[in-house]
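Note: the block below is entry01.txt and it holds compact mmCIF, C-alpha atoms.
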# COMPACT_ATOMS: atom_id res chain seq x y z
CA MET A 1273 92.51 95.64 87.12
CA SER A 1274 90.82 98.55 88.78
CA VAL A 1275 88.61 97.60 91.67
CA VAL A 1276 85.75 99.32 93.43
CA HIS A 1277 83.88 97.20 95.96
CA GLY A 1278 80.96 95.39 94.46
CA HIS A 1279 81.67 96.81 91.03
CA HIS A 1280 82.20 94.53 88.03
CA GLY A 1281 82.08 96.62 84.92
CA THR A 1282 83.97 99.19 82.98
CA PHE A 1283 86.22 101.64 84.76
CA ALA A 1284 86.13 104.19 81.98
CA GLY A 1285 85.71 107.70 83.30
CA ALA A 1286 88.79 107.61 85.51
CA GLU A 1287 88.25 111.14 86.77
CA HIS A 1288 84.95 109.98 88.26
CA TRP A 1289 86.56 106.93 89.90
CA ALA A 1290 89.46 109.01 91.23
CA LYS A 1291 87.04 110.80 93.55
CA ARG A 1292 86.41 107.46 95.24
CA LEU A 1293 89.72 105.65 94.84
CA ASP A 1294 91.81 108.65 95.94
CA ASP A 1295 89.40 110.06 98.51
CA PRO A 1296 91.58 111.44 101.35
CA THR A 1297 89.40 109.61 103.88
CA ARG A 1298 90.76 106.34 102.48
CA ASP A 1299 94.02 106.94 104.34
CA ALA A 1300 92.31 106.36 107.70
CA TRP A 1301 91.43 102.74 106.95
CA GLN A 1302 93.95 101.91 104.21
CA LEU A 1303 96.97 102.98 106.30
CA PRO A 1304 99.21 103.40 103.23
CA ASP A 1305 102.34 104.18 105.27
CA GLU A 1306 101.99 100.85 107.08
CA VAL A 1307 101.59 99.03 103.77
CA LEU A 1308 104.74 100.71 102.43
CA ARG A 1309 106.57 99.75 105.64
CA ALA A 1310 105.59 96.12 105.05
CA LEU A 1311 107.21 96.25 101.60
CA ASN A 1312 110.62 97.04 103.14
CA LEU A 1313 111.60 99.05 100.06
CA GLU A 1314 115.17 99.74 99.04
CA PRO A 1315 116.10 102.97 97.19
CA THR A 1316 116.93 101.48 93.79
CA MET A 1317 114.28 98.77 93.56
CA THR A 1318 111.93 98.24 90.65
CA VAL A 1319 108.43 97.75 92.05
CA ALA A 1320 105.22 96.91 90.22
CA ASP A 1321 101.77 98.04 91.33
CA VAL A 1322 99.42 95.60 89.61
CA GLY A 1323 95.86 96.85 89.24
CA ALA A 1324 97.02 100.37 90.04
CA GLY A 1325 93.79 102.15 89.13
CA THR A 1326 94.20 105.91 89.51
CA GLY A 1327 97.52 105.51 91.30
CA TYR A 1328 96.72 105.66 95.02
CA PHE A 1329 99.70 103.43 95.79
CA ALA A 1330 101.72 103.96 92.61
CA VAL A 1331 102.43 107.61 93.35
CA ARG A 1332 103.33 106.79 96.96
CA LEU A 1333 105.71 104.09 95.79
CA ALA A 1334 107.33 106.47 93.29
CA ARG A 1335 107.93 109.03 96.04
CA ALA A 1336 109.25 106.37 98.42
CA ILE A 1337 111.91 105.15 95.98
CA PRO A 1338 112.93 108.23 93.96
CA ASN A 1339 116.07 106.45 92.70
CA GLY A 1340 114.12 103.33 91.84
CA LYS A 1341 111.38 102.62 89.33
CA VAL A 1342 107.68 101.93 89.65
CA ILE A 1343 105.67 100.16 86.97
CA ALA A 1344 101.93 100.67 87.42
CA THR A 1345 99.63 98.41 85.41
CA ASP A 1346 95.91 98.29 84.83
CA THR A 1347 93.58 96.57 82.39
CA GLU A 1348 91.40 99.65 81.90
CA PRO A 1349 92.81 101.96 79.20
CA ASP A 1350 91.21 105.03 80.76
CA MET A 1351 92.93 104.30 84.08
CA VAL A 1352 96.25 104.01 82.24
CA ARG A 1353 95.60 107.34 80.50
CA TYR A 1354 94.68 108.98 83.78
CA LEU A 1355 97.71 107.65 85.63
CA GLU A 1356 100.11 108.65 82.85
CA ALA A 1357 98.76 112.20 83.08
CA ARG A 1358 98.98 112.09 86.88
CA ALA A 1359 102.62 110.97 86.80
CA GLU A 1360 103.44 113.86 84.48
CA ARG A 1361 101.41 116.36 86.50
CA GLU A 1362 103.07 115.27 89.77
CA GLN A 1363 106.51 115.12 88.08
CA LEU A 1364 107.16 111.49 88.94
CA GLN A 1365 109.74 110.59 86.31
CA ASN A 1366 110.33 107.18 87.90
CA LEU A 1367 106.70 106.09 87.44
CA ARG A 1368 105.93 104.15 84.27
CA VAL A 1369 102.43 103.04 83.33
CA ALA A 1370 101.56 99.96 81.29
CA LEU A 1371 98.32 98.51 79.95
CA ALA A 1372 97.75 94.93 81.06
CA THR A 1373 95.41 92.52 79.29
CA THR A 1374 93.77 89.24 80.18
CA THR A 1375 96.80 87.46 78.71
CA SER A 1376 99.65 89.85 79.54
CA LEU A 1377 100.65 91.45 82.84
CA GLY A 1378 102.37 94.38 81.13
CA LEU A 1379 105.55 93.59 83.08
CA PRO A 1380 108.96 92.56 81.74
CA ALA A 1381 110.15 89.01 82.43
CA ASN A 1382 112.54 88.93 85.39
CA GLY A 1383 112.14 92.69 85.52
CA VAL A 1384 110.89 93.64 88.99
CA ASP A 1385 112.09 93.20 92.56
CA ALA A 1386 108.68 93.40 94.18
CA ILE A 1387 105.02 93.33 93.18
CA VAL A 1388 102.18 94.75 95.24
CA ILE A 1389 98.54 93.95 94.53
CA VAL A 1390 96.00 95.86 96.61
CA HIS A 1391 92.31 94.86 96.71
CA VAL A 1392 92.49 93.04 93.40
CA TRP A 1393 93.19 89.41 94.31
CA HIS A 1394 89.60 88.56 95.24
CA HIS A 1395 88.46 89.68 91.77
CA LEU A 1396 90.82 87.43 89.82
CA ASP A 1397 89.96 84.15 88.14
CA LYS A 1398 92.52 81.31 87.90
CA ARG A 1399 94.61 82.89 90.64
CA THR A 1400 97.24 80.16 90.82
CA ALA A 1401 97.96 80.50 87.10
CA TYR A 1402 98.03 84.27 87.54
CA ALA A 1403 100.53 83.89 90.39
CA ARG A 1404 102.79 81.87 88.09
CA GLN A 1405 102.75 84.78 85.62
CA LEU A 1406 103.67 87.12 88.46
CA ALA A 1407 106.55 84.81 89.41
CA ALA A 1408 107.90 85.08 85.86
CA ALA A 1409 108.04 88.89 86.20
CA LEU A 1410 110.03 88.76 89.45
CA ARG A 1411 113.80 88.76 89.64
CA GLY A 1412 115.47 86.01 91.69
CA HIS A 1413 114.24 86.08 95.29
CA GLY A 1414 111.70 88.73 94.30
CA ARG A 1415 108.75 89.34 96.61
CA LEU A 1416 105.01 89.51 96.06
CA PHE A 1417 102.61 91.27 98.44
CA ILE A 1418 98.87 90.70 98.37
CA VAL A 1419 96.84 93.22 100.36
CA ASP A 1420 93.15 92.47 100.66
CA PHE A 1421 90.19 92.73 102.99
CA SER A 1422 89.96 90.27 105.87
CA PRO A 1423 86.77 88.20 106.12
CA SER A 1424 85.74 90.15 109.23
CA ALA A 1425 86.52 93.62 107.83
CA GLN A 1426 84.00 96.39 108.49
CA THR A 1427 84.66 97.83 105.01
CA GLY A 1428 85.31 96.24 101.65
CA PRO A 1429 83.46 94.03 99.18
CA PRO A 1430 80.47 91.85 100.03
CA GLN A 1431 81.33 88.85 102.21
CA HIS A 1432 80.88 86.33 99.39
CA MET A 1433 83.56 88.09 97.33
CA ARG A 1434 86.27 88.03 100.01
CA THR A 1435 89.21 85.67 99.98
CA SER A 1436 90.82 84.56 103.21
CA PRO A 1437 94.57 84.96 103.75
CA GLU A 1438 94.80 81.18 104.12
CA THR A 1439 93.31 80.71 100.65
CA VAL A 1440 95.68 83.29 99.17
CA ALA A 1441 98.64 81.61 100.84
CA ALA A 1442 97.62 78.20 99.47
CA GLU A 1443 97.22 79.58 95.95
CA LEU A 1444 100.65 81.24 96.05
CA ALA A 1445 102.30 78.14 97.50
CA GLU A 1446 100.77 76.06 94.69
CA ALA A 1447 102.35 78.51 92.24
CA GLY A 1448 105.79 77.87 93.74
CA PHE A 1449 106.13 80.72 96.23
CA SER A 1450 107.34 80.52 99.80
CA VAL A 1451 104.59 82.26 101.77
CA SER A 1452 104.42 84.06 105.09
CA ALA A 1453 102.08 86.45 106.87
CA SER A 1454 103.39 89.98 107.11
CA PRO A 1455 104.28 91.18 110.62
CA ILE A 1456 102.52 94.45 109.77
CA ALA A 1457 98.95 94.29 111.07
CA LEU A 1458 96.13 96.31 109.52
CA PRO A 1459 92.70 96.62 111.16
CA ASP A 1460 90.53 95.43 108.26
CA GLN A 1461 93.05 94.00 105.83
CA TYR A 1462 95.74 91.36 105.67
CA ILE A 1463 99.08 91.34 103.90
CA VAL A 1464 100.33 88.04 102.54
CA GLU A 1465 103.99 88.09 101.56
CA ALA A 1466 105.40 85.58 99.13
CA GLN A 1467 108.92 85.09 97.84
CA LEU A 1468 110.51 83.05 95.14
CA PRO A 1469 112.78 80.36 96.58
Spell out the structure here as structure tokens.
Amino acid sequence: MSVVHGHHGTFAGAEHWAKRLDDPTRDAWQLPDEVLRALNLEPTMTVADVGAGTGYFAVRLARAIPNGKVIATDTEPDMVRYLEARAEREQLQNLRVALATTTSLGLPANGVDAIVIVHVWHHLDKRTAYARQLAAALRGHGRLFIVDFSPSAQTGPPQHMRTSPETVAAELAEAGFSVSASPIALPDQYIVEAQLP
């Protein structure tokens, strides 16, 4: 799912959204290098970026693990089209793009070592059930990382849309994950790390 704060509609017109989602000023508050450090990536991992949008993190992941594989998913066909063209344009042969649906993640069963979901969790319905689907895509001892806006963040979605890290942790634990807070601190966001036992 593509996410823009306060926006609940179609994300067709990916070129338009790319101006916002990939705005270079995003780096200052997103701190993508710190997020990648939290993932503790290994060179040959298979990593999924769920709700990848125009590829802000997907392309960074692909560059970080050139001998690995990145699967970027989104529910918006135009985002998938855009990201496929971006992967080709930026010559990222290890980046694959898949269309997700309301009933399918677009990920292979037991097919990924890690999943990262950035600014999407607070938009999801039935999050515990969704977490169980994510668990099915992870290989044994695979890890899941939820990055979202903290309740006190100066940027992000309206307050009523935010989900606390404690709520996320409880939802993941209910889905069978072992949950911990990431040691990587971000000013306006939290990272919840979950692992299959």
task = Using all atoms listed in the file, pick whichever of A:Met1317, A:Ala1344, A:Ala1447, A:Leu1333 has the shortest atom-to-atom distance to Lys1398 in chain A.
result =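 The shortest atom-to-atom distance to Lys1398 in chain A comes from A:Ala1447.
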Pick from A:Ile1389, A:Val1451, A:Ile1456, A:Ile1463, whichever lies nearest to Ser1422 in chain A using only C-alpha atoms = A:Ile1463
inquiry  = When you count all atoms listed in the file, which of these residues is closest to Thr1316 in chain A: A:Thr1375, A:Asn1366, A:Asn1382, A:Gln1302?
reply    = A:Asn1366
Of the listed residues A:Glu1348, A:Asp1385, A:Glu1443, A:Glu1360, that which approaches Arg1415 in chain A most closely, counting only C-alpha atoms = A:Asp1385
request  = Please write as number ranges by chain the list of polymer residues whose atoms come within 10 Å of (98.6, 99.4, 83.7), counting only C-alpha atoms and keeping to the coordinates of the file.
outcome  = A: 1273-1274, 1320-1327, 1343-1353, 1355-1356, 1368-1373, 1377-1379
ask   = Hey, which of A:Ala1386, A:Thr1439, A:Pro1430, A:Tyr1328 ends up closest to Ala1466 in chain A? Count only C-alpha atoms.
value =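 The shortest atom-to-atom distance to Ala1466 in chain A comes from A:Ala1386.
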ask   = From the set A:Ala1334, A:Val1390, A:Ala1409, A:Ala1457, which residue has the shortest atom-to-atom contact distance to Leu1367 in chain A, counting all atoms listed in the file?
value = A:Ala1334
ask   = Distance CA of Gln1467 in chain A-CA of Pro1437 in chain A, one decimal place?
value =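 Those two atoms sit 15.5 Å apart.
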query = CA of Thr1427 in chain A to CA of Ser1452 in chain A: how many Å, to one decimal?
reply =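 Interatomic distance here is 24.1 Å.
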query = Leu1468 in chain A: which residues within 7 Å, counting all atoms listed in the file, same-chain residues fewer than 6 positions away excluded, as a ChimeraX atom specification?
reply = /A:1412-1415,1449-1450
request  = Work out how far apart CA of Leu1313 in chain A and CA of Ala1336 in chain A are and give it in Å to one decimal.
outcome  =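 Interatomic distance, CA of Leu1313 in chain A to CA of Ala1336 in chain A: 7.9 Å.
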Who sits within 12 Å of Asp1397 in chain A, only C-alpha atoms, same chain under 4 positions skipped, as a tab-separated table (two decimals) with C-alpha atoms, keeping the file's coordinate frame:
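Dumped to around-v1.tsv:
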chain	number	residue	atom	x	y	z
A	1273	MET	CA	92.51	95.64	87.12
A	1374	THR	CA	93.77	89.24	80.18
A	1392	VAL	CA	92.49	93.04	93.40
A	1393	TRP	CA	93.19	89.41	94.31
A	1401	ALA	CA	97.96	80.50	87.10
A	1402	TYR	CA	98.03	84.27	87.54
A	1403	ALA	CA	100.53	83.89	90.39
A	1433	MET	CA	83.56	88.09	97.33
A	1435	THR	CA	89.21	85.67	99.98
A	1443	GLU	CA	97.22	79.58	95.95
Please extract range 1380-1396 of chain A and write it out with all heavy atoms, as a short mmCIF file (atom, residue, chain, number, x, y, z; two decimals), in the first residue's frame.
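New file out18.cif:
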data_model
loop_
_atom_site.label_atom_id
_atom_site.label_comp_id
_atom_site.auth_asym_id
_atom_site.auth_seq_id
_atom_site.Cartn_x
_atom_site.Cartn_y
_atom_site.Cartn_z
N PRO A 1380 6.42 -14.82 -1.78
CA PRO A 1380 6.40 -16.28 -1.73
C PRO A 1380 6.36 -16.78 -0.29
O PRO A 1380 6.93 -16.14 0.62
CB PRO A 1380 7.72 -16.66 -2.41
CG PRO A 1380 8.61 -15.48 -2.19
CD PRO A 1380 7.72 -14.28 -2.20
N ALA A 1381 5.72 -17.90 -0.06
CA ALA A 1381 5.71 -18.51 1.28
C ALA A 1381 7.13 -18.91 1.65
O ALA A 1381 7.86 -19.45 0.83
CB ALA A 1381 4.78 -19.73 1.28
N ASN A 1382 7.51 -18.64 2.89
CA ASN A 1382 8.85 -18.96 3.39
C ASN A 1382 9.93 -18.46 2.44
O ASN A 1382 10.94 -19.13 2.25
CB ASN A 1382 9.00 -20.48 3.60
CG ASN A 1382 7.99 -21.02 4.57
OD1 ASN A 1382 7.86 -20.51 5.68
ND2 ASN A 1382 7.23 -22.02 4.16
N GLY A 1383 9.72 -17.28 1.86
CA GLY A 1383 10.61 -16.83 0.79
C GLY A 1383 11.52 -15.66 1.11
O GLY A 1383 12.38 -15.33 0.30
N VAL A 1384 11.34 -15.01 2.28
CA VAL A 1384 12.15 -13.83 2.57
C VAL A 1384 12.77 -13.92 3.96
O VAL A 1384 12.23 -14.54 4.87
CB VAL A 1384 11.34 -12.52 2.43
CG1 VAL A 1384 10.86 -12.32 1.00
CG2 VAL A 1384 10.16 -12.49 3.38
N ASP A 1385 13.92 -13.27 4.09
CA ASP A 1385 14.64 -13.26 5.37
C ASP A 1385 14.20 -12.11 6.25
O ASP A 1385 14.29 -12.19 7.48
CB ASP A 1385 16.15 -13.15 5.13
CG ASP A 1385 16.68 -14.31 4.30
OD1 ASP A 1385 16.56 -15.46 4.77
OD2 ASP A 1385 17.19 -14.07 3.19
N ALA A 1386 13.78 -11.03 5.64
CA ALA A 1386 13.35 -9.86 6.40
C ALA A 1386 12.29 -9.10 5.61
O ALA A 1386 12.30 -9.09 4.39
CB ALA A 1386 14.54 -8.94 6.70
N ILE A 1387 11.39 -8.46 6.36
CA ILE A 1387 10.35 -7.62 5.77
C ILE A 1387 10.42 -6.27 6.47
O ILE A 1387 10.49 -6.20 7.70
CB ILE A 1387 8.95 -8.23 5.97
CG1 ILE A 1387 8.82 -9.58 5.27
CG2 ILE A 1387 7.86 -7.27 5.48
CD1 ILE A 1387 7.54 -10.33 5.59
N VAL A 1388 10.37 -5.21 5.68
CA VAL A 1388 10.32 -3.86 6.24
C VAL A 1388 9.05 -3.18 5.74
O VAL A 1388 8.69 -3.30 4.56
CB VAL A 1388 11.58 -3.04 5.89
CG1 VAL A 1388 11.76 -2.87 4.40
CG2 VAL A 1388 11.55 -1.68 6.57
N ILE A 1389 8.36 -2.53 6.66
CA ILE A 1389 7.11 -1.84 6.35
C ILE A 1389 7.22 -0.44 6.93
O ILE A 1389 7.25 -0.26 8.14
CB ILE A 1389 5.89 -2.57 6.94
CG1 ILE A 1389 5.84 -4.03 6.45
CG2 ILE A 1389 4.60 -1.84 6.61
CD1 ILE A 1389 4.70 -4.83 7.01
N VAL A 1390 7.30 0.55 6.04
CA VAL A 1390 7.54 1.93 6.47
C VAL A 1390 6.29 2.78 6.24
O VAL A 1390 5.82 2.90 5.09
CB VAL A 1390 8.75 2.53 5.72
CG1 VAL A 1390 8.99 3.97 6.17
CG2 VAL A 1390 10.00 1.69 5.93
N HIS A 1391 5.75 3.33 7.32
CA HIS A 1391 4.62 4.27 7.29
C HIS A 1391 3.36 3.68 6.66
O HIS A 1391 2.57 4.41 6.05
CB HIS A 1391 5.00 5.57 6.56
CG HIS A 1391 6.20 6.24 7.13
ND1 HIS A 1391 6.95 7.12 6.42
CD2 HIS A 1391 6.80 6.14 8.34
CE1 HIS A 1391 7.96 7.54 7.16
NE2 HIS A 1391 7.89 6.95 8.34
N VAL A 1392 3.19 2.41 6.81
CA VAL A 1392 2.01 1.73 6.25
C VAL A 1392 1.15 1.12 7.36
O VAL A 1392 -0.07 1.06 7.24
CB VAL A 1392 2.44 0.64 5.24
CG1 VAL A 1392 1.26 -0.20 4.79
CG2 VAL A 1392 3.13 1.27 4.04
N TRP A 1393 1.78 0.70 8.45
CA TRP A 1393 1.08 -0.07 9.47
C TRP A 1393 -0.17 0.64 9.98
O TRP A 1393 -1.22 0.01 10.17
CB TRP A 1393 2.03 -0.39 10.63
CG TRP A 1393 1.57 -1.54 11.45
CD1 TRP A 1393 1.01 -1.49 12.71
CD2 TRP A 1393 1.60 -2.92 11.10
NE1 TRP A 1393 0.70 -2.75 13.14
CE2 TRP A 1393 1.06 -3.65 12.17
CE3 TRP A 1393 2.05 -3.62 9.96
CZ2 TRP A 1393 0.96 -5.04 12.15
CZ3 TRP A 1393 1.94 -4.99 9.95
CH2 TRP A 1393 1.40 -5.69 11.03
N HIS A 1394 -0.10 1.93 10.20
CA HIS A 1394 -1.24 2.65 10.77
C HIS A 1394 -2.41 2.74 9.80
O HIS A 1394 -3.51 3.11 10.19
CB HIS A 1394 -0.82 4.06 11.24
CG HIS A 1394 -0.40 4.98 10.15
ND1 HIS A 1394 0.90 5.09 9.72
CD2 HIS A 1394 -1.12 5.86 9.40
CE1 HIS A 1394 0.96 6.00 8.77
NE2 HIS A 1394 -0.24 6.48 8.54
N HIS A 1395 -2.20 2.39 8.54
CA HIS A 1395 -3.28 2.41 7.54
C HIS A 1395 -3.99 1.06 7.42
O HIS A 1395 -5.02 0.98 6.76
CB HIS A 1395 -2.73 2.79 6.16
CG HIS A 1395 -2.45 4.24 6.02
ND1 HIS A 1395 -3.35 5.14 5.50
CD2 HIS A 1395 -1.34 4.96 6.32
CE1 HIS A 1395 -2.81 6.35 5.48
NE2 HIS A 1395 -1.60 6.27 5.98
N LEU A 1396 -3.42 0.02 7.99
CA LEU A 1396 -3.94 -1.32 7.76
C LEU A 1396 -5.12 -1.65 8.67
O LEU A 1396 -5.17 -1.22 9.82
CB LEU A 1396 -2.84 -2.36 8.02
CG LEU A 1396 -1.60 -2.27 7.12
CD1 LEU A 1396 -0.55 -3.27 7.57
CD2 LEU A 1396 -1.98 -2.50 5.67
#
